[in-house]
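J.: Sharing a structure below in structure tokens format, with a few things to ask.
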Amino acid sequence: MYVVLIGRPGVGKGTQAQRLVDELGLSRISTGEMLRETIRSGGEGNQKIAECIDGGNLATDDMIMELVENRLGEPEFENSCLFDGIPRTVAQAEALDELLRRRNTKIDVAVEVSADADELVARILERAKIENRADDNLKAIRQRMDVYTRSTEPILEYYRERGVLRSVDGLGTRDEVFDRIRSCIVVR
Ligand code: AP5
Ligand code: MG
């Protein structure tokens, strides 16, 4: 089962992805987490990555796809993967399809979790009081929202055309949103 979770910053991709991992036993790739880990560990290209993330801009498609390709090669992804935060551009969606095609598999479902940007800004500012993400400030949040509209929203059409898009409401309690997403996923 290969599942893509799509949604604006703060809509709950990470929260719901972790629960789907725990309850359905899916393996997860979160490109945001991977990039933050590269920055923390001072890994290759960390300064450039930090510049992108801190300003609320996307890392390059090539760099992201290299990370994802390496990760997908690990045995835990042989039968499943939940993609959290990838793809974020049509070019990434195409590259991901190609990667999966080479492994004789494909995206089964792309779940869009949607919510009004104002509510999400409030959620992220709440999180900023507890966690210490460099991109959880108003300027970077606005940029992340704009980048989503400009670069990521077009992938909804990409998946709609391929007949795998499902959309759920991201407002409500964490449990309510989880149940909506869960109902889109059929585990084989
Ligand atoms: P990424 O880490 O993916 O961040 P994001 O998309 O901005 O989203 P967030 O992680 O902020 O939100 P989320 O949807 O996971 O929500 P969460 O569960 O945390 O990417 C960061 C950056 O990395 C990008 O800007 C880019 O620079 C780079 N990057 C990553 N992937 C890339 C790619 N593929 N290509 C290029 N660049 C890439 O929830 C938010 C808060 O709300 C939490 O505090 C949570 O507890 C709370 N919450 C969750 N659900 C609810 C609910 N139902 N009700 C109330 N509160 C809730
Ligand atoms: Mg997240």
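Chain identifiers are assigned as A, B, and so on, following the order in which chains appear in the structure tokens; residues are numbered from 1 within each chain, and ligands are numbered from 1 in order of appearance.
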Could you please extract the residues within 7 Å of ligand 2, counting only C-alpha atoms and all ligand atoms, and hand them back as a list of chain:residue names?

T.: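 Counting only C-alpha atoms and all ligand atoms, the residues within 7 Å of ligand 2 come out as A:Gly10, A:Gly12, A:Lys13, A:Gly14, A:Gly32, A:Gly85.
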
J.: Would you output that residue set with C-alpha atoms, as a CSV table (one decimal), in the first residue's frame?

T.:
chain,number,residue,atom,x,y,z
A,10,GLY,CA,-0.2,22.6,9.8
A,12,GLY,CA,-2.0,17.6,10.5
A,13,LYS,CA,0.0,15.5,8.0
A,14,GLY,CA,2.7,14.6,10.6
A,32,GLY,CA,10.5,17.5,6.2
A,85,GLY,CA,5.2,16.0,2.6

J.: Tell me, as a list of chain:residue names, which residues lie within 9 Å of stretch 98-101 of chain A, counting only C-alpha atoms; anything in the same chain fewer than 6 positions away does not count.

T.: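 My list of contacting residues is A:Glu69, A:Leu72, A:Ile107.
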
J.: With DSSP run on the backbone, what are the strand (DSSP E) residues within stretch 48-90 of chain A? I'd like them as a PyMOL selection string.

T.: chain A and resi 81-84

J.: Okay, now the selection with C-alpha atoms, as a compact mmCIF listing (two decimals), in the first residue's frame?

T.:
# COMPACT_ATOMS: atom_id res chain seq x y z
CA CYS A 81 5.00 3.59 2.32
CA LEU A 82 3.15 6.58 3.64
CA PHE A 83 4.57 9.71 2.01
CA ASP A 84 4.26 12.73 4.32

J.: Using only C-alpha atoms and all ligand atoms, what are the residues with an atom within 6 Å of ligand 1, set out as a PyMOL selection string?

T.: chain A and resi 8-15+31-33+52-53+56-60+64+85-88+123-124+127+144+171-174

J.: Based on DSSP run over this structure's backbone, return all residues of chain A in helix (DSSP H, G or I), as an NGL selection string.

T.: :A and (13-24 or 31-41 or 46-54 or 61-72 or 75-77 or 90-102 or 117-130 or 138-152 or 154-161 or 174-182)

J.: Keeping C-alpha atoms for every residue in the selection just given, could you write it to a file as a compact mmCIF listing (two decimals), in the first residue's frame?

T.:
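The resulting file, part35.txt, is reproduced below:
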# COMPACT_ATOMS: atom_id res chain seq x y z
CA LYS A 13 0.05 15.47 8.02
CA GLY A 14 2.69 14.59 10.62
CA THR A 15 0.18 13.97 13.40
CA GLN A 16 -1.99 11.69 11.27
CA ALA A 17 0.96 9.97 9.57
CA GLN A 18 2.36 8.88 12.92
CA ARG A 19 -1.00 7.41 13.92
CA LEU A 20 -1.36 5.60 10.60
CA VAL A 21 2.10 4.11 11.14
CA ASP A 22 1.15 3.00 14.67
CA GLU A 23 -2.26 1.58 13.80
CA LEU A 24 -1.85 0.25 10.27
CA THR A 31 10.90 14.62 3.71
CA GLY A 32 10.50 17.53 6.17
CA GLU A 33 11.76 15.30 9.02
CA MET A 34 14.61 14.01 6.88
CA LEU A 35 15.71 17.53 5.96
CA ARG A 36 15.53 18.71 9.59
CA GLU A 37 17.62 15.67 10.60
CA THR A 38 20.23 16.57 7.95
CA ILE A 39 20.42 20.08 9.40
CA ARG A 40 20.69 18.79 13.01
CA SER A 41 23.45 16.36 12.14
CA ASN A 46 22.90 21.33 5.49
CA GLN A 47 23.40 25.10 5.22
CA LYS A 48 21.63 25.36 1.89
CA ILE A 49 18.79 23.20 3.18
CA ALA A 50 18.45 25.35 6.30
CA GLU A 51 18.21 28.46 4.12
CA CYS A 52 15.35 26.95 2.12
CA ILE A 53 13.40 25.62 5.08
CA ASP A 54 13.85 28.68 7.30
CA ASP A 61 13.31 18.49 -6.72
CA ASP A 62 16.57 16.70 -7.56
CA MET A 63 17.82 16.75 -3.99
CA ILE A 64 14.48 15.56 -2.61
CA MET A 65 14.16 12.74 -5.13
CA GLU A 66 17.68 11.52 -4.36
CA LEU A 67 16.80 11.39 -0.64
CA VAL A 68 13.55 9.55 -1.35
CA GLU A 69 15.11 7.09 -3.76
CA ASN A 70 17.81 6.13 -1.25
CA ARG A 71 15.29 5.75 1.54
CA LEU A 72 12.79 3.74 -0.51
CA PRO A 75 13.65 -3.18 3.14
CA GLU A 76 10.91 -1.70 5.35
CA PHE A 77 9.44 0.01 2.27
CA VAL A 90 4.23 18.04 -10.19
CA ALA A 91 7.85 17.21 -11.10
CA GLN A 92 8.20 15.30 -7.81
CA ALA A 93 4.89 13.50 -8.40
CA GLU A 94 6.12 12.37 -11.83
CA ALA A 95 9.52 11.32 -10.47
CA LEU A 96 7.88 9.40 -7.62
CA ASP A 97 5.61 7.57 -10.06
CA GLU A 98 8.66 6.63 -12.10
CA LEU A 99 10.53 5.39 -9.02
CA LEU A 100 7.56 3.23 -8.03
CA ARG A 101 7.03 2.00 -11.58
CA ARG A 102 10.59 0.66 -11.58
CA ALA A 117 -5.22 28.72 6.07
CA ASP A 118 -6.20 31.01 9.00
CA GLU A 119 -6.96 28.05 11.28
CA LEU A 120 -3.67 26.45 10.27
CA VAL A 121 -1.61 29.55 10.99
CA ALA A 122 -3.12 29.54 14.50
CA ARG A 123 -2.24 25.86 14.96
CA ILE A 124 1.35 26.38 13.86
CA LEU A 125 1.80 29.43 16.10
CA GLU A 126 0.51 27.29 18.99
CA ARG A 127 3.10 24.61 18.14
CA ALA A 128 5.81 27.28 17.98
CA LYS A 129 5.39 27.82 21.74
CA ILE A 130 6.34 24.19 22.41
CA LEU A 138 4.62 34.36 10.76
CA LYS A 139 6.82 35.37 7.84
CA ALA A 140 7.92 31.82 6.99
CA ILE A 141 4.41 30.43 7.58
CA ARG A 142 2.96 32.90 5.04
CA GLN A 143 5.61 31.91 2.53
CA ARG A 144 4.91 28.17 3.15
CA MET A 145 1.20 28.79 2.51
CA ASP A 146 1.96 30.68 -0.74
CA VAL A 147 4.35 27.98 -1.90
CA TYR A 148 1.65 25.38 -1.22
CA THR A 149 -0.87 27.25 -3.38
CA ARG A 150 1.59 27.88 -6.18
CA SER A 151 3.65 24.69 -6.34
CA THR A 152 1.81 21.93 -4.46
CA PRO A 154 -1.34 21.49 -8.92
CA ILE A 155 -0.53 17.93 -7.81
CA LEU A 156 -4.18 17.54 -6.76
CA GLU A 157 -5.16 17.69 -10.42
CA TYR A 158 -2.31 15.30 -11.27
CA TYR A 159 -3.70 12.66 -8.91
CA ARG A 160 -7.33 13.42 -9.80
CA GLU A 161 -6.58 12.67 -13.45
CA ARG A 174 -7.51 14.68 15.69
CA ASP A 175 -9.68 11.54 16.06
CA GLU A 176 -12.27 12.79 13.58
CA VAL A 177 -9.65 13.65 11.00
CA PHE A 178 -7.95 10.29 11.55
CA ASP A 179 -11.20 8.39 10.93
CA ARG A 180 -11.77 10.30 7.68
CA ILE A 181 -8.28 9.52 6.41
CA ARG A 182 -8.47 5.93 7.61

J.: Write out as a list in words each polymer residue whose atoms come within 7 Å of A:Val111, counting only C-alpha atoms; drop sequence neighbours fewer than 6 positions from it.

T.: Val4, Leu5, Ile6, Leu165, Arg166 and Ser167 of chain A

J.: With C-alpha atoms retained, could you export that selection as a PDB file, in the first residue's frame?

T.:
ATOM      1  CA  VAL A   4       0.454  10.097  -0.284  1.00  0.00           C
ATOM      2  CA  LEU A   5      -0.741  12.617   2.320  1.00  0.00           C
ATOM      3  CA  ILE A   6      -1.183  16.110   0.863  1.00  0.00           C
ATOM      4  CA  LEU A 165      -7.329  11.414  -5.308  1.00  0.00           C
ATOM      5  CA  ARG A 166      -9.491  11.444  -2.166  1.00  0.00           C
ATOM      6  CA  SER A 167     -10.211  14.615  -0.198  1.00  0.00           C
TER       7      SER A 167
END

J.: May I ask for the distance between atom CA of A:Val164 and atom CA of A:Asp108, given in Å to one decimal place?

T.: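 That distance, rounded to one decimal, is 6.4 Å.
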
J.: Go through A:Ala134, A:Ala115, A:Val109, A:Ile185 one by one, measure the shortest atom-to-atom distance of each to A:Arg162 using only C-alpha atoms, and give the residue with the smallest value.

T.: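 Going through A:Ala134, A:Ala115, A:Val109, A:Ile185 one by one, the smallest distance to A:Arg162 is for A:Val109.
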
J.: Between atom CA of A:Val186 and atom CA of A:Met1, measure the distance and give it in Å to one decimal.

T.: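 If I compute the distance from atom CA of A:Val186 to atom CA of A:Met1, I get 8.0 Å.
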